[in-house]
There are 2 protein chains.
Amino acid sequence: MAIVSRYTVALHILTLLGLITEGNDTFVPSDRIAASVNTNPVFIRRVLGTLRKAGLVSVQRGGTGAGWRLARHPGEITLLDVYRAIVQTPLFELHHSTPNQRCVIGRGIQSALKDIYENSETAMKRELAQVTVADLLRETVARKGRNS
Amino acid sequence: MAIVSRYTVALHILTLLGLITEGNDTFVPSDRIAASVNTNPVFIRRVLGTLRKAGLVSVQRGGTGAGWRLARHPGEITLLDVYRAIVQTPLFELHHSTPNQRCVIGRGIQSALKDIYENSETAMKRELAQVTVADLLRETVARKGRNS
DNA sequence: CCAAATGTAACCATGTCAGTTACATCAGAG
DNA sequence: CTCTGATGTAACTGACATGGTTACATTTGG
């Protein structure tokens with residue numbers, strides 16, 4: 001399967017918070033974020049909770065003006081930070097049930113694949129590490145309206 | 001989520017076929033493959049069917065000695081070939097429902113993410129392209145018994 | 001105290017994955 | 001020509017993940 005759209009939503013959230021809360025001390029409620037992402041506020045709050053545990057956003061509870069803002073500057077959050085917060089599982093799955101250990105292939109393949117899979121996942125993460133939320137925000141506003 | 005374990009099974013199959021059918025003209029039945037992978041033959045045949053459509057394996061139907069073998073030499077099948085055969089979906093999912101087009105972020109983020117996601121997926125595939133089934137087979141038999 | 005939020009549980013619909021059973025089909029061996 | 005060992009594929013299932021929805025207790029500024 002693919003990497004969950006929750007990751008895309010997380011990046012959308014952080015980009016939006018970067019746009020609105022950077023340079024001031026405002027907080028954005030989950031309803032408003034949900035309206036931009038076009039989904040429901042509960043899902044947004046679930047993602048925000050995960051991002052908060054990772055130290056990427058901070059929350060203000062209670063009263064008018066409650067909501068969320070970035071906990072760091074957008075230039076100090078890489079897409080890999082967000083990936084690590086949202087995605088816990090390794091990119092490639094091994095066998096569901098361990099292969100037959102009485103077969104040469106069954107005995108050695110998981111170990112061999114582990115290395116290859118790690119290299120491949122690392123290469124993907126290396127790309128994500130080179131982009132920050134600030135970069136994404138800049139690119140996003142630059143493309144207002146374009147389709148590709 | 002993660003890349004389906006079906007991909008791991010496909011690599012297991014091809015490695016096993018490389019071991020058994022390279023240098024002779026034998027065919028391996030799905031039952032025997034299933035015994036090595038430790039799963040059921042129907043699942044194996046489903047994966048083999050996909051690999052056959054991609055031109056990676058060939059099948060001999062009917063009679064004794066029916067089964068499967070590699071359609072190319074193991075050194076001429078990269079892990080990226082297998083990936084392309086098995087995985088059709090892009091690595092990263094975008095939003096399930098299109099974001100709010102009246103918001104600056106909602107308007108531009110999909111386009112911005114598309115580029116980043118493509119770069120990242122390409123980096124992963126570049127690693128897979130550097131390994132062949134022959135490499136995997138060599139590594140696998142070299143590690144008989146080791147756990148990591 | 002009121003109002004506007006968060007935090008979270010509970011439930012649901014949907015979809016994917018892989019396991020299983022079943023059976024029609026194929027083709028070599030005798 | 002039949003027997004036999006296999007493929008090809010449909011159909012059903014259980015398990016699980018995902019995200020949508022409702023509901024409500026909790027928090028806190030005004």
# chains A, B, ... in the order shown; residues from 1 in each chain; ligands from 1
$ closest_atom_pairs --of "chain B" --to "chain A" --cutoff "7 Å" --atoms "only C-alpha atoms" --output "tab-separated table"
residue	atom	partner	partner_atom	distance
B:Met1	CA	A:Ile3	CA	5.2
B:Ala2	CA	A:Leu91	CA	4.8
B:Ile3	CA	A:Phe92	CA	4.8
B:Val4	CA	A:Met1	CA	5.8
B:Ser5	CA	A:Glu93	CA	4.9
B:Thr8	CA	A:Leu94	CA	5.8
B:Val9	CA	A:His95	CA	6.7
B:Leu16	CA	A:Ile105	CA	6.3
B:Ala35	CA	A:Asn100	CA	6.8
B:Ser36	CA	A:Asn100	CA	5.0
B:Val37	CA	A:Pro99	CA	4.7
B:Asn38	CA	A:Pro99	CA	5.0
B:Thr89	CA	A:Ala2	CA	6.7
B:Pro90	CA	A:Ala2	CA	6.4
B:Leu91	CA	A:Ala2	CA	4.8
B:Phe92	CA	A:Ile3	CA	4.8
B:Glu93	CA	A:Ser5	CA	4.8
B:Leu94	CA	A:Ser5	CA	5.5
B:His95	CA	A:Ser5	CA	5.7
B:His96	CA	A:Ser5	CA	6.9
B:Ser97	CA	A:Asn38	CA	6.7
B:Thr98	CA	A:Asn38	CA	6.9
B:Pro99	CA	A:Val37	CA	4.7
B:Asn100	CA	A:Ser36	CA	5.0
B:Cys103	CA	A:Ser36	CA	6.1
B:Val104	CA	A:Lys144	CA	6.2
B:Ile105	CA	A:Thr140	CA	6.2
B:Gly106	CA	A:Ser36	CA	5.9
B:Arg107	CA	A:Lys144	CA	5.5
B:Gly108	CA	A:Thr140	CA	4.5
B:Ile109	CA	A:Thr140	CA	4.9
B:Ser111	CA	A:Ser148	CA	5.3
B:Ala112	CA	A:Thr140	CA	5.6
B:Asn119	CA	A:Glu127	CA	7.0
B:Ser120	CA	A:Met124	CA	4.9
B:Glu121	CA	A:Met124	CA	6.3
B:Ala123	CA	A:Met124	CA	5.4
B:Met124	CA	A:Ser120	CA	4.8
B:Glu127	CA	A:Ser120	CA	5.3
B:Leu128	CA	A:Ser120	CA	6.6
B:Leu136	CA	A:Ala112	CA	6.8
B:Glu139	CA	A:Ala112	CA	5.9
B:Thr140	CA	A:Gly108	CA	4.5
B:Val141	CA	A:Gly108	CA	6.1
B:Arg143	CA	A:Gly108	CA	5.1
B:Lys144	CA	A:Gly108	CA	4.7
B:Gly145	CA	A:Arg107	CA	5.6
B:Arg146	CA	A:Gly108	CA	6.9
B:Asn147	CA	A:Ser111	CA	6.2
B:Ser148	CA	A:Ser111	CA	5.2
$ closest_atom_pairs --of "chain D" --to "chain A" --cutoff "10 Å" --atoms "only C-alpha atoms (C1' of nucleotides)" --output "tab-separated table"
residue	atom	partner	partner_atom	distance
D:DA17	C1'	A:Val4	CA	9.8
D:DT18	C1'	A:Val4	CA	8.2
D:DG19	C1'	A:Phe43	CA	7.3
D:DG20	C1'	A:Asn40	CA	7.3
D:DT21	C1'	A:Asn40	CA	8.6
D:DT26	C1'	A:Gly62	CA	9.1
D:DT27	C1'	A:Gly62	CA	4.9
D:DT28	C1'	A:Gly62	CA	3.9
D:DG29	C1'	A:Gly63	CA	4.4
D:DG30	C1'	A:Gly63	CA	7.7
$ write_last_selection --atoms "N, CA and C atoms (P, O5', C5', C4', C3', O3' and C1' of nucleotides)" --output "PDB file, in the first residue's frame"
ATOM      1  P    DA D  17      -3.783  -2.989  12.519  1.00  0.00           P
ATOM      2  O5'  DA D  17      -4.079  -1.935  11.370  1.00  0.00           O
ATOM      3  C5'  DA D  17      -3.521  -2.148  10.090  1.00  0.00           C
ATOM      4  C4'  DA D  17      -3.927  -1.031   9.168  1.00  0.00           C
ATOM      5  C3'  DA D  17      -3.881   0.354   9.799  1.00  0.00           C
ATOM      6  O3'  DA D  17      -3.374   1.263   8.837  1.00  0.00           O
ATOM      7  C1'  DA D  17      -6.099  -0.130   9.063  1.00  0.00           C
ATOM      8  P    DT D  18      -3.021   2.754   9.288  1.00  0.00           P
ATOM      9  O5'  DT D  18      -4.208   3.580   8.650  1.00  0.00           O
ATOM     10  C5'  DT D  18      -4.579   3.340   7.295  1.00  0.00           C
ATOM     11  C4'  DT D  18      -5.889   3.999   7.001  1.00  0.00           C
ATOM     12  C3'  DT D  18      -6.035   5.391   7.613  1.00  0.00           C
ATOM     13  O3'  DT D  18      -6.021   6.327   6.562  1.00  0.00           O
ATOM     14  C1'  DT D  18      -8.024   4.073   7.849  1.00  0.00           C
ATOM     15  P    DG D  19      -5.757   7.862   6.854  1.00  0.00           P
ATOM     16  O5'  DG D  19      -7.243   8.409   6.961  1.00  0.00           O
ATOM     17  C5'  DG D  19      -8.122   8.164   5.871  1.00  0.00           C
ATOM     18  C4'  DG D  19      -9.567   8.311   6.305  1.00  0.00           C
ATOM     19  C3'  DG D  19      -9.915   9.646   6.979  1.00  0.00           C
ATOM     20  O3'  DG D  19     -11.107  10.110   6.373  1.00  0.00           O
ATOM     21  C1'  DG D  19     -10.715   7.871   8.254  1.00  0.00           C
ATOM     22  P    DG D  20     -11.598  11.587   6.569  1.00  0.00           P
ATOM     23  O5'  DG D  20     -13.091  11.298   7.050  1.00  0.00           O
ATOM     24  C5'  DG D  20     -13.938  10.534   6.188  1.00  0.00           C
ATOM     25  C4'  DG D  20     -15.265  10.287   6.885  1.00  0.00           C
ATOM     26  C3'  DG D  20     -15.876  11.525   7.534  1.00  0.00           C
ATOM     27  O3'  DG D  20     -17.276  11.532   7.252  1.00  0.00           O
ATOM     28  C1'  DG D  20     -15.627   9.808   9.139  1.00  0.00           C
ATOM     29  P    DT D  21     -18.117  12.811   7.690  1.00  0.00           P
ATOM     30  O5'  DT D  21     -18.718  12.390   9.101  1.00  0.00           O
ATOM     31  C5'  DT D  21     -19.528  11.226   9.188  1.00  0.00           C
ATOM     32  C4'  DT D  21     -19.930  10.973  10.628  1.00  0.00           C
ATOM     33  C3'  DT D  21     -20.333  12.237  11.410  1.00  0.00           C
ATOM     34  O3'  DT D  21     -21.734  12.189  11.626  1.00  0.00           O
ATOM     35  C1'  DT D  21     -18.988  10.733  12.701  1.00  0.00           C
ATOM     36  P    DT D  26     -14.763  14.934  33.437  1.00  0.00           P
ATOM     37  O5'  DT D  26     -13.868  15.958  32.629  1.00  0.00           O
ATOM     38  C5'  DT D  26     -12.750  15.473  31.881  1.00  0.00           C
ATOM     39  C4'  DT D  26     -11.996  16.630  31.288  1.00  0.00           C
ATOM     40  C3'  DT D  26     -11.674  17.751  32.279  1.00  0.00           C
ATOM     41  O3'  DT D  26     -10.279  17.971  32.264  1.00  0.00           O
ATOM     42  C1'  DT D  26     -12.585  18.624  30.286  1.00  0.00           C
ATOM     43  P    DT D  27      -9.559  18.786  33.409  1.00  0.00           P
ATOM     44  O5'  DT D  27      -9.219  20.147  32.668  1.00  0.00           O
ATOM     45  C5'  DT D  27      -8.395  20.113  31.506  1.00  0.00           C
ATOM     46  C4'  DT D  27      -8.586  21.372  30.715  1.00  0.00           C
ATOM     47  C3'  DT D  27      -8.288  22.658  31.500  1.00  0.00           C
ATOM     48  O3'  DT D  27      -7.097  23.213  30.993  1.00  0.00           O
ATOM     49  C1'  DT D  27     -10.214  22.851  30.113  1.00  0.00           C
ATOM     50  P    DT D  28      -6.205  24.172  31.842  1.00  0.00           P
ATOM     51  O5'  DT D  28      -6.828  25.595  31.440  1.00  0.00           O
ATOM     52  C5'  DT D  28      -6.723  26.018  30.099  1.00  0.00           C
ATOM     53  C4'  DT D  28      -7.583  27.228  29.861  1.00  0.00           C
ATOM     54  C3'  DT D  28      -7.450  28.336  30.929  1.00  0.00           C
ATOM     55  O3'  DT D  28      -7.380  29.569  30.239  1.00  0.00           O
ATOM     56  C1'  DT D  28      -9.692  27.872  30.532  1.00  0.00           C
ATOM     57  P    DG D  29      -6.208  30.582  30.671  1.00  0.00           P
ATOM     58  O5'  DG D  29      -6.724  31.905  29.939  1.00  0.00           O
ATOM     59  C5'  DG D  29      -6.792  31.903  28.537  1.00  0.00           C
ATOM     60  C4'  DG D  29      -8.034  32.621  28.049  1.00  0.00           C
ATOM     61  C3'  DG D  29      -8.188  34.046  28.594  1.00  0.00           C
ATOM     62  O3'  DG D  29      -8.571  34.873  27.515  1.00  0.00           O
ATOM     63  C1'  DG D  29     -10.126  32.767  29.079  1.00  0.00           C
ATOM     64  P    DG D  30      -8.610  36.395  27.713  1.00  0.00           P
ATOM     65  O5'  DG D  30     -10.139  36.670  28.006  1.00  0.00           O
ATOM     66  C5'  DG D  30     -11.102  36.411  26.978  1.00  0.00           C
ATOM     67  C4'  DG D  30     -12.483  36.765  27.467  1.00  0.00           C
ATOM     68  C3'  DG D  30     -12.580  38.125  28.162  1.00  0.00           C
ATOM     69  O3'  DG D  30     -13.721  38.826  27.681  1.00  0.00           O
ATOM     70  C1'  DG D  30     -13.467  36.431  29.552  1.00  0.00           C
TER      71       DG D  30
END
$ atom_distance --atom1 "C1' of DT20 (chain C)" --atom2 "CA of Arg32 (chain B)"
17.8 Å
$ select_by_dssp --residues "region 8-117 of chain B" --states "alpha helix (DSSP H)" --output "PyMOL selection string"
chain B and resi 8-21+30-37+41-53+79-86+104-117
$ residues_around --residues "Thr50 (chain B)" --least-positions-apart "3" --cutoff "10 Å" --atoms "only C-alpha atoms (C1' of nucleotides)" --output "list in words"
Ala10, Arg45, Arg46, Val47, Lys53, Ala54, Gly55, Leu56, Val57, Val82, Ala85 and Ile86 of chain B
$ write_last_selection --atoms "C-alpha atoms" --output "PDB file, in the first residue's frame"
ATOM      1  CA  ALA B  10       7.665 -11.994  -4.942  1.00  0.00           C
ATOM      2  CA  ARG B  45       0.063 -18.438  -7.919  1.00  0.00           C
ATOM      3  CA  ARG B  46      -1.561 -15.024  -7.701  1.00  0.00           C
ATOM      4  CA  VAL B  47       1.816 -13.383  -7.260  1.00  0.00           C
ATOM      5  CA  LYS B  53       2.398 -10.525 -16.961  1.00  0.00           C
ATOM      6  CA  ALA B  54       5.525  -8.475 -16.300  1.00  0.00           C
ATOM      7  CA  GLY B  55       7.596 -11.011 -18.216  1.00  0.00           C
ATOM      8  CA  LEU B  56       9.690 -12.058 -15.238  1.00  0.00           C
ATOM      9  CA  VAL B  57       8.658 -15.722 -15.023  1.00  0.00           C
ATOM     10  CA  VAL B  82       9.838  -6.543  -9.393  1.00  0.00           C
ATOM     11  CA  ALA B  85       5.357  -5.409 -11.366  1.00  0.00           C
ATOM     12  CA  ILE B  86       3.904  -5.755  -7.881  1.00  0.00           C
TER      13      ILE B  86
END
$ decode --residues "chain D" --atoms "C-alpha atoms (C1' of nucleotides)" --output "PDB file, in the first residue's frame"
ATOM      1  C1'  DC D   1      -7.980 -41.893 -24.242  1.00  0.00           C
ATOM      2  C1'  DT D   2      -7.837 -41.659 -19.690  1.00  0.00           C
ATOM      3  C1'  DC D   3      -5.325 -40.599 -15.539  1.00  0.00           C
ATOM      4  C1'  DT D   4      -2.815 -37.349 -13.054  1.00  0.00           C
ATOM      5  C1'  DG D   5      -0.523 -33.419 -11.505  1.00  0.00           C
ATOM      6  C1'  DA D   6      -0.554 -29.069 -12.101  1.00  0.00           C
ATOM      7  C1'  DT D   7      -2.320 -24.050 -13.299  1.00  0.00           C
ATOM      8  C1'  DG D   8      -5.951 -20.201 -13.291  1.00  0.00           C
ATOM      9  C1'  DT D   9      -9.440 -18.016 -11.011  1.00  0.00           C
ATOM     10  C1'  DA D  10     -13.634 -17.058  -8.557  1.00  0.00           C
ATOM     11  C1'  DA D  11     -15.787 -16.670  -4.167  1.00  0.00           C
ATOM     12  C1'  DC D  12     -15.856 -16.232   0.567  1.00  0.00           C
ATOM     13  C1'  DT D  13     -13.739 -15.164   4.950  1.00  0.00           C
ATOM     14  C1'  DG D  14     -11.255 -12.978   9.009  1.00  0.00           C
ATOM     15  C1'  DA D  15      -8.273  -9.615  10.404  1.00  0.00           C
ATOM     16  C1'  DC D  16      -6.813  -5.162  10.290  1.00  0.00           C
ATOM     17  C1'  DA D  17      -6.099  -0.130   9.063  1.00  0.00           C
ATOM     18  C1'  DT D  18      -8.024   4.073   7.849  1.00  0.00           C
ATOM     19  C1'  DG D  19     -10.715   7.871   8.254  1.00  0.00           C
ATOM     20  C1'  DG D  20     -15.627   9.808   9.139  1.00  0.00           C
ATOM     21  C1'  DT D  21     -18.988  10.733  12.701  1.00  0.00           C
ATOM     22  C1'  DT D  22     -21.257  11.475  17.092  1.00  0.00           C
ATOM     23  C1'  DA D  23     -20.905  12.317  21.698  1.00  0.00           C
ATOM     24  C1'  DC D  24     -19.266  14.119  25.779  1.00  0.00           C
ATOM     25  C1'  DA D  25     -16.082  15.175  29.585  1.00  0.00           C
ATOM     26  C1'  DT D  26     -12.585  18.624  30.286  1.00  0.00           C
ATOM     27  C1'  DT D  27     -10.214  22.851  30.113  1.00  0.00           C
ATOM     28  C1'  DT D  28      -9.692  27.872  30.532  1.00  0.00           C
ATOM     29  C1'  DG D  29     -10.126  32.767  29.079  1.00  0.00           C
ATOM     30  C1'  DG D  30     -13.467  36.431  29.552  1.00  0.00           C
TER      31       DG D  30
END
